[in-house]
file data37.cif (mmCIF, N, CA and C atoms)
data_target
loop_
_atom_site.label_atom_id
_atom_site.label_comp_id
_atom_site.auth_asym_id
_atom_site.auth_seq_id
_atom_site.Cartn_x
_atom_site.Cartn_y
_atom_site.Cartn_z
N MET A 110 -12.54 14.03 36.68
CA MET A 110 -13.39 14.67 35.67
C MET A 110 -12.79 14.52 34.28
N LYS A 111 -11.47 14.79 34.17
CA LYS A 111 -10.81 14.70 32.88
C LYS A 111 -10.83 13.26 32.34
N LEU A 112 -10.62 12.29 33.24
CA LEU A 112 -10.65 10.90 32.82
C LEU A 112 -12.03 10.51 32.30
N GLY A 113 -13.08 10.99 32.95
CA GLY A 113 -14.44 10.71 32.50
C GLY A 113 -14.71 11.27 31.12
N VAL A 114 -14.20 12.48 30.86
CA VAL A 114 -14.37 13.10 29.54
C VAL A 114 -13.66 12.28 28.48
N ILE A 115 -12.45 11.83 28.80
CA ILE A 115 -11.69 11.02 27.84
C ILE A 115 -12.41 9.71 27.55
N ILE A 116 -12.94 9.06 28.57
CA ILE A 116 -13.65 7.79 28.38
C ILE A 116 -14.88 8.01 27.50
N ILE A 117 -15.63 9.05 27.76
CA ILE A 117 -16.83 9.33 26.96
C ILE A 117 -16.45 9.62 25.51
N GLN A 118 -15.38 10.37 25.31
CA GLN A 118 -14.97 10.69 23.95
C GLN A 118 -14.46 9.46 23.21
N VAL A 119 -13.75 8.57 23.90
CA VAL A 119 -13.29 7.33 23.26
C VAL A 119 -14.50 6.47 22.89
N LEU A 120 -15.49 6.41 23.75
CA LEU A 120 -16.71 5.67 23.43
C LEU A 120 -17.43 6.29 22.23
N PHE A 121 -17.40 7.62 22.15
CA PHE A 121 -17.99 8.31 21.00
C PHE A 121 -17.24 7.94 19.72
N LEU A 122 -15.92 7.83 19.80
CA LEU A 122 -15.13 7.41 18.64
C LEU A 122 -15.46 5.97 18.26
N TYR A 123 -15.71 5.12 19.28
CA TYR A 123 -16.11 3.74 19.00
C TYR A 123 -17.45 3.68 18.30
N LEU A 124 -18.31 4.64 18.56
CA LEU A 124 -19.59 4.71 17.86
C LEU A 124 -19.36 4.80 16.35
N PHE A 125 -18.37 5.59 15.96
CA PHE A 125 -18.06 5.71 14.54
C PHE A 125 -17.46 4.41 13.99
N LEU A 126 -16.73 3.69 14.82
CA LEU A 126 -16.23 2.38 14.40
C LEU A 126 -17.40 1.44 14.12
N PHE A 127 -18.39 1.44 15.00
CA PHE A 127 -19.56 0.58 14.79
C PHE A 127 -20.39 1.03 13.59
N LEU A 128 -20.48 2.34 13.38
CA LEU A 128 -21.16 2.83 12.17
C LEU A 128 -20.41 2.39 10.92
N GLY A 129 -19.09 2.41 10.99
CA GLY A 129 -18.28 1.94 9.87
C GLY A 129 -18.51 0.47 9.59
N ALA A 130 -18.68 -0.33 10.64
CA ALA A 130 -18.97 -1.75 10.46
C ALA A 130 -20.33 -1.95 9.80
N ALA A 131 -21.29 -1.10 10.16
CA ALA A 131 -22.61 -1.18 9.52
C ALA A 131 -22.53 -0.82 8.04
N VAL A 132 -21.76 0.22 7.74
CA VAL A 132 -21.58 0.61 6.33
C VAL A 132 -20.87 -0.49 5.56
N LYS A 133 -19.91 -1.16 6.21
CA LYS A 133 -19.18 -2.26 5.57
C LYS A 133 -20.12 -3.39 5.19
N GLU A 134 -21.14 -3.63 6.01
CA GLU A 134 -22.12 -4.67 5.70
C GLU A 134 -22.96 -4.29 4.48
N ILE A 135 -23.22 -2.99 4.34
CA ILE A 135 -24.04 -2.52 3.21
C ILE A 135 -23.22 -2.43 1.94
N ILE A 136 -22.00 -1.91 2.05
CA ILE A 136 -21.12 -1.72 0.90
C ILE A 136 -19.96 -2.70 1.02
N PRO A 137 -20.01 -3.81 0.31
CA PRO A 137 -18.97 -4.85 0.47
C PRO A 137 -17.70 -4.54 -0.32
N LEU A 138 -17.00 -3.48 0.06
CA LEU A 138 -15.71 -3.16 -0.55
C LEU A 138 -14.59 -3.77 0.28
N PRO A 139 -13.45 -4.04 -0.33
CA PRO A 139 -12.33 -4.61 0.45
C PRO A 139 -11.61 -3.54 1.28
N ILE A 140 -12.36 -2.82 2.07
CA ILE A 140 -11.83 -1.76 2.94
C ILE A 140 -12.24 -2.12 4.36
N PRO A 141 -11.33 -2.02 5.33
CA PRO A 141 -11.70 -2.35 6.71
C PRO A 141 -12.81 -1.44 7.23
N ALA A 142 -13.61 -1.99 8.13
CA ALA A 142 -14.71 -1.22 8.72
C ALA A 142 -14.19 0.00 9.46
N SER A 143 -13.01 -0.10 10.05
CA SER A 143 -12.45 1.05 10.77
C SER A 143 -12.18 2.22 9.83
N MET A 144 -11.82 1.93 8.59
CA MET A 144 -11.58 3.00 7.62
C MET A 144 -12.90 3.67 7.23
N PHE A 145 -13.95 2.89 7.11
CA PHE A 145 -15.27 3.47 6.87
C PHE A 145 -15.65 4.38 8.03
N GLY A 146 -15.43 3.91 9.26
CA GLY A 146 -15.75 4.70 10.43
C GLY A 146 -14.92 5.98 10.49
N LEU A 147 -13.64 5.89 10.13
CA LEU A 147 -12.78 7.07 10.11
C LEU A 147 -13.27 8.07 9.08
N PHE A 148 -13.69 7.57 7.93
CA PHE A 148 -14.23 8.46 6.90
C PHE A 148 -15.52 9.13 7.37
N LEU A 149 -16.38 8.37 8.04
CA LEU A 149 -17.62 8.96 8.56
C LEU A 149 -17.32 10.03 9.61
N LEU A 150 -16.33 9.78 10.46
CA LEU A 150 -15.93 10.78 11.45
C LEU A 150 -15.39 12.03 10.76
N PHE A 151 -14.55 11.83 9.76
CA PHE A 151 -14.01 12.96 9.00
C PHE A 151 -15.13 13.76 8.35
N LEU A 152 -16.07 13.06 7.74
CA LEU A 152 -17.20 13.71 7.09
C LEU A 152 -18.04 14.49 8.09
N ALA A 153 -18.29 13.90 9.25
CA ALA A 153 -19.09 14.58 10.28
C ALA A 153 -18.36 15.82 10.80
N LEU A 154 -17.05 15.74 10.93
CA LEU A 154 -16.28 16.92 11.36
C LEU A 154 -16.29 18.01 10.30
N CYS A 155 -16.11 17.61 9.04
CA CYS A 155 -16.10 18.60 7.95
C CYS A 155 -17.46 19.28 7.78
N LEU A 156 -18.53 18.52 7.94
CA LEU A 156 -19.87 19.08 7.79
C LEU A 156 -20.37 19.74 9.06
N LYS A 157 -19.50 19.80 10.08
CA LYS A 157 -19.81 20.45 11.36
C LYS A 157 -21.01 19.80 12.05
N MET A 158 -21.21 18.49 11.81
CA MET A 158 -22.26 17.76 12.50
C MET A 158 -21.83 17.48 13.94
N ILE A 159 -20.52 17.31 14.13
CA ILE A 159 -19.97 17.18 15.47
C ILE A 159 -18.84 18.19 15.61
N LYS A 160 -18.58 18.59 16.83
CA LYS A 160 -17.52 19.55 17.08
C LYS A 160 -16.24 18.81 17.42
N LEU A 161 -15.12 19.41 17.07
CA LEU A 161 -13.82 18.81 17.36
C LEU A 161 -13.63 18.58 18.86
N GLU A 162 -14.16 19.48 19.66
CA GLU A 162 -14.02 19.37 21.11
C GLU A 162 -14.68 18.10 21.65
N TRP A 163 -15.63 17.55 20.92
CA TRP A 163 -16.34 16.36 21.36
C TRP A 163 -15.45 15.11 21.30
N VAL A 164 -14.42 15.13 20.48
CA VAL A 164 -13.57 13.94 20.31
C VAL A 164 -12.08 14.22 20.51
N GLU A 165 -11.70 15.46 20.68
CA GLU A 165 -10.28 15.82 20.67
C GLU A 165 -9.48 15.18 21.80
N LYS A 166 -9.95 15.27 23.01
CA LYS A 166 -9.19 14.71 24.15
C LYS A 166 -9.10 13.19 24.06
N GLY A 167 -10.18 12.55 23.68
CA GLY A 167 -10.16 11.10 23.53
C GLY A 167 -9.24 10.65 22.42
N ALA A 168 -9.26 11.36 21.29
CA ALA A 168 -8.39 11.02 20.17
C ALA A 168 -6.93 11.26 20.53
N ASN A 169 -6.64 12.34 21.24
CA ASN A 169 -5.26 12.61 21.66
C ASN A 169 -4.76 11.54 22.62
N TRP A 170 -5.63 11.06 23.51
CA TRP A 170 -5.23 10.00 24.43
C TRP A 170 -4.93 8.71 23.65
N LEU A 171 -5.80 8.38 22.68
CA LEU A 171 -5.57 7.17 21.88
C LEU A 171 -4.26 7.28 21.09
N LEU A 172 -3.98 8.45 20.55
CA LEU A 172 -2.72 8.64 19.82
C LEU A 172 -1.52 8.54 20.75
N ALA A 173 -1.65 9.07 21.96
CA ALA A 173 -0.54 9.01 22.91
C ALA A 173 -0.25 7.57 23.33
N GLU A 174 -1.27 6.74 23.39
CA GLU A 174 -1.10 5.35 23.82
C GLU A 174 -1.01 4.38 22.64
N LEU A 175 -0.82 4.88 21.45
CA LEU A 175 -0.82 4.05 20.24
C LEU A 175 0.24 2.96 20.29
N LEU A 176 1.40 3.27 20.83
CA LEU A 176 2.47 2.28 20.89
C LEU A 176 2.06 1.03 21.66
N LEU A 177 1.24 1.20 22.69
CA LEU A 177 0.79 0.05 23.47
C LEU A 177 -0.04 -0.93 22.65
N PHE A 178 -0.71 -0.42 21.61
CA PHE A 178 -1.53 -1.30 20.78
C PHE A 178 -0.69 -2.20 19.88
N PHE A 179 0.58 -1.83 19.67
CA PHE A 179 1.45 -2.61 18.79
C PHE A 179 2.30 -3.62 19.56
N ILE A 180 2.37 -3.53 20.86
CA ILE A 180 3.21 -4.43 21.64
C ILE A 180 2.78 -5.90 21.47
N PRO A 181 1.48 -6.23 21.54
CA PRO A 181 1.11 -7.65 21.33
C PRO A 181 1.55 -8.18 19.97
N SER A 182 1.47 -7.37 18.94
CA SER A 182 1.91 -7.80 17.61
C SER A 182 3.41 -8.04 17.60
N ALA A 183 4.16 -7.13 18.20
CA ALA A 183 5.61 -7.28 18.23
C ALA A 183 6.03 -8.51 19.01
N VAL A 184 5.36 -8.79 20.12
CA VAL A 184 5.67 -9.99 20.90
C VAL A 184 5.31 -11.24 20.12
N GLY A 185 4.22 -11.19 19.39
CA GLY A 185 3.81 -12.34 18.58
C GLY A 185 4.80 -12.65 17.48
N VAL A 186 5.41 -11.64 16.90
CA VAL A 186 6.38 -11.85 15.83
C VAL A 186 7.62 -12.57 16.35
N VAL A 187 7.99 -12.32 17.59
CA VAL A 187 9.19 -12.93 18.18
C VAL A 187 9.05 -14.45 18.22
N ASN A 188 7.84 -14.95 18.28
CA ASN A 188 7.62 -16.40 18.36
C ASN A 188 7.90 -17.12 17.05
N TYR A 189 8.09 -16.41 15.96
CA TYR A 189 8.31 -17.05 14.67
C TYR A 189 9.77 -16.94 14.27
N ASP A 190 10.44 -18.09 14.17
CA ASP A 190 11.85 -18.13 13.80
C ASP A 190 12.05 -17.73 12.33
N GLU A 191 11.00 -17.88 11.51
CA GLU A 191 11.13 -17.57 10.09
C GLU A 191 11.49 -16.11 9.84
N ILE A 192 11.08 -15.24 10.77
CA ILE A 192 11.37 -13.81 10.61
C ILE A 192 12.87 -13.59 10.58
N LEU A 193 13.62 -14.42 11.30
CA LEU A 193 15.08 -14.27 11.35
C LEU A 193 15.78 -15.03 10.22
N SER A 194 15.04 -15.75 9.41
CA SER A 194 15.64 -16.52 8.32
C SER A 194 15.82 -15.63 7.09
N VAL A 195 16.13 -16.26 5.96
CA VAL A 195 16.31 -15.52 4.71
C VAL A 195 15.02 -14.81 4.31
N GLN A 196 13.90 -15.47 4.48
CA GLN A 196 12.63 -14.85 4.15
C GLN A 196 12.39 -13.61 5.02
N GLY A 197 12.79 -13.71 6.26
CA GLY A 197 12.67 -12.56 7.16
C GLY A 197 13.53 -11.40 6.70
N ALA A 198 14.74 -11.68 6.22
CA ALA A 198 15.62 -10.63 5.72
C ALA A 198 15.01 -9.97 4.48
N GLU A 199 14.38 -10.76 3.64
CA GLU A 199 13.70 -10.20 2.46
C GLU A 199 12.56 -9.28 2.89
N ILE A 200 11.81 -9.69 3.89
CA ILE A 200 10.69 -8.87 4.38
C ILE A 200 11.21 -7.56 4.95
N VAL A 201 12.28 -7.64 5.75
CA VAL A 201 12.85 -6.42 6.34
C VAL A 201 13.37 -5.50 5.23
N GLY A 202 14.01 -6.07 4.22
CA GLY A 202 14.49 -5.27 3.09
C GLY A 202 13.36 -4.60 2.35
N LEU A 203 12.28 -5.35 2.13
CA LEU A 203 11.11 -4.79 1.46
C LEU A 203 10.50 -3.66 2.26
N ILE A 204 10.43 -3.84 3.57
CA ILE A 204 9.90 -2.77 4.42
C ILE A 204 10.80 -1.54 4.34
N GLY A 205 12.11 -1.74 4.35
CA GLY A 205 13.04 -0.62 4.25
C GLY A 205 12.89 0.13 2.94
N VAL A 206 12.84 -0.60 1.82
CA VAL A 206 12.69 0.04 0.50
C VAL A 206 11.36 0.77 0.40
N SER A 207 10.28 0.14 0.86
CA SER A 207 8.97 0.80 0.77
C SER A 207 8.92 2.03 1.66
N THR A 208 9.59 2.00 2.80
CA THR A 208 9.63 3.17 3.68
C THR A 208 10.35 4.32 2.99
N ILE A 209 11.46 4.02 2.34
CA ILE A 209 12.21 5.07 1.62
C ILE A 209 11.37 5.64 0.49
N ILE A 210 10.64 4.80 -0.23
CA ILE A 210 9.77 5.28 -1.31
C ILE A 210 8.68 6.19 -0.76
N VAL A 211 8.05 5.76 0.34
CA VAL A 211 6.98 6.58 0.94
C VAL A 211 7.54 7.92 1.42
N MET A 212 8.71 7.91 2.05
CA MET A 212 9.31 9.16 2.51
C MET A 212 9.64 10.08 1.33
N GLY A 213 10.15 9.50 0.26
CA GLY A 213 10.47 10.30 -0.93
C GLY A 213 9.23 10.90 -1.56
N MET A 214 8.19 10.11 -1.71
CA MET A 214 6.95 10.61 -2.30
C MET A 214 6.32 11.68 -1.40
N THR A 215 6.41 11.50 -0.10
CA THR A 215 5.89 12.51 0.82
C THR A 215 6.66 13.81 0.68
N ALA A 216 7.98 13.71 0.56
CA ALA A 216 8.80 14.92 0.38
C ALA A 216 8.46 15.63 -0.93
N LEU A 217 8.30 14.87 -2.01
CA LEU A 217 7.95 15.47 -3.29
C LEU A 217 6.58 16.15 -3.23
N THR A 218 5.62 15.48 -2.61
CA THR A 218 4.28 16.06 -2.48
C THR A 218 4.32 17.33 -1.64
N ALA A 219 5.06 17.31 -0.54
CA ALA A 219 5.17 18.50 0.30
C ALA A 219 5.83 19.64 -0.45
N GLU A 220 6.85 19.33 -1.25
CA GLU A 220 7.52 20.35 -2.06
C GLU A 220 6.56 20.98 -3.06
N LYS A 221 5.78 20.15 -3.73
CA LYS A 221 4.82 20.68 -4.70
C LYS A 221 3.77 21.55 -4.03
N ILE A 222 3.27 21.11 -2.88
CA ILE A 222 2.27 21.90 -2.17
C ILE A 222 2.85 23.22 -1.71
N MET A 223 4.06 23.20 -1.18
CA MET A 223 4.70 24.43 -0.74
C MET A 223 4.96 25.36 -1.92
N GLY A 224 5.27 24.80 -3.09
CA GLY A 224 5.48 25.61 -4.29
C GLY A 224 4.21 26.31 -4.74
N ARG A 225 3.08 25.66 -4.57
CA ARG A 225 1.80 26.25 -4.96
C ARG A 225 1.37 27.35 -4.00
N LYS A 226 1.82 27.29 -2.76
CA LYS A 226 1.35 28.23 -1.76
C LYS A 226 2.12 29.55 -1.75
N GLY A 227 2.97 29.79 -2.69
CA GLY A 227 3.61 31.09 -2.70
C GLY A 227 5.10 31.04 -2.98
N GLY A 228 5.52 30.08 -3.71
CA GLY A 228 6.92 30.05 -4.09
C GLY A 228 7.79 29.40 -3.04
N LYS A 229 9.07 29.53 -3.29
CA LYS A 229 10.04 28.88 -2.42
C LYS A 229 10.20 29.68 -1.13
N GLN A 230 10.28 28.98 -0.05
CA GLN A 230 10.50 29.60 1.24
C GLN A 230 11.88 29.19 1.73
N GLN A 231 12.54 30.11 2.39
CA GLN A 231 13.85 29.79 2.93
C GLN A 231 13.67 29.28 4.35
N TRP A 232 14.32 28.17 4.63
CA TRP A 232 14.24 27.59 5.96
C TRP A 232 15.42 28.06 6.77
N ARG A 233 15.19 28.42 7.98
CA ARG A 233 16.29 28.89 8.85
C ARG A 233 16.54 27.92 9.95
#

call {"tool": "encode", "arguments": {"input": "data37.cif", "output": "structure tokens"}}
result
Amino acid sequence: MKLGVIIIQVLFLYLFLFLGAAVKEIIPLPIPASMFGLFLLFLALCLKMIKLEWVEKGANWLLAELLLFFIPSAVGVVNYDEILSVQGAEIVGLIGVSTIIVMGMTALTAEKIMGRKGGKQQWR
């Protein structure tokens, strides 16, 4: 029973992916169709057109299995010797620097939001 619910909810999430693809055809912005679909899902949830319970289990299953979706990409990268060359080292360095920048900006944003919500809180 639980597996059937998850399958139906994943198919329901795919419906939003297909709606996003339709919107992408109408609005030719350089944004992936999946992002349009995600925005439509977010909008439908915010406007209470759909209930969270309708997609929650399917979305949680997809998030739990997310690592499996990256394995083919990781295996494909191993086939390219250039990744291990100087250019590969530059790419890895760039990824490292950009990750540090993103983490720093996230920390600053979280600090500002926490400051607005009632001052400084002590962490224990």

call {"tool": "resolve_selection", "arguments": {"input": "data37.cif", "expression": "the PyMOL selection byres ((chain A and resi 119-125) around 6.5)", "output": "PyMOL selection string"}}
result
chain A and resi 114-118+126-130+145-147+150+164+167-168

call {"tool": "select_by_dssp", "arguments": {"input": "data37.cif", "residues": "chain A", "states": "alpha helix (DSSP H)", "output": "MDAnalysis selection string"}}
result
chainID A and resid 111:135 142:155 165:173 175:187 195:225

call {"tool": "atom_distance", "arguments": {"input": "data37.cif", "atom1": "atom C of Leu149 in chain A", "atom2": "atom C of Asn169 in chain A"}}
result
18.1 Å

call {"tool": "atom_distance", "arguments": {"input": "data37.cif", "atom1": "atom N of Lys221 in chain A", "atom2": "atom C of Ile204 in chain A"}}
result
23.7 Å

call {"tool": "atom_distance", "arguments": {"input": "data37.cif", "atom1": "atom C of Leu112 in chain A", "atom2": "CA of Ser143 in chain A"}}
result
23.5 Å
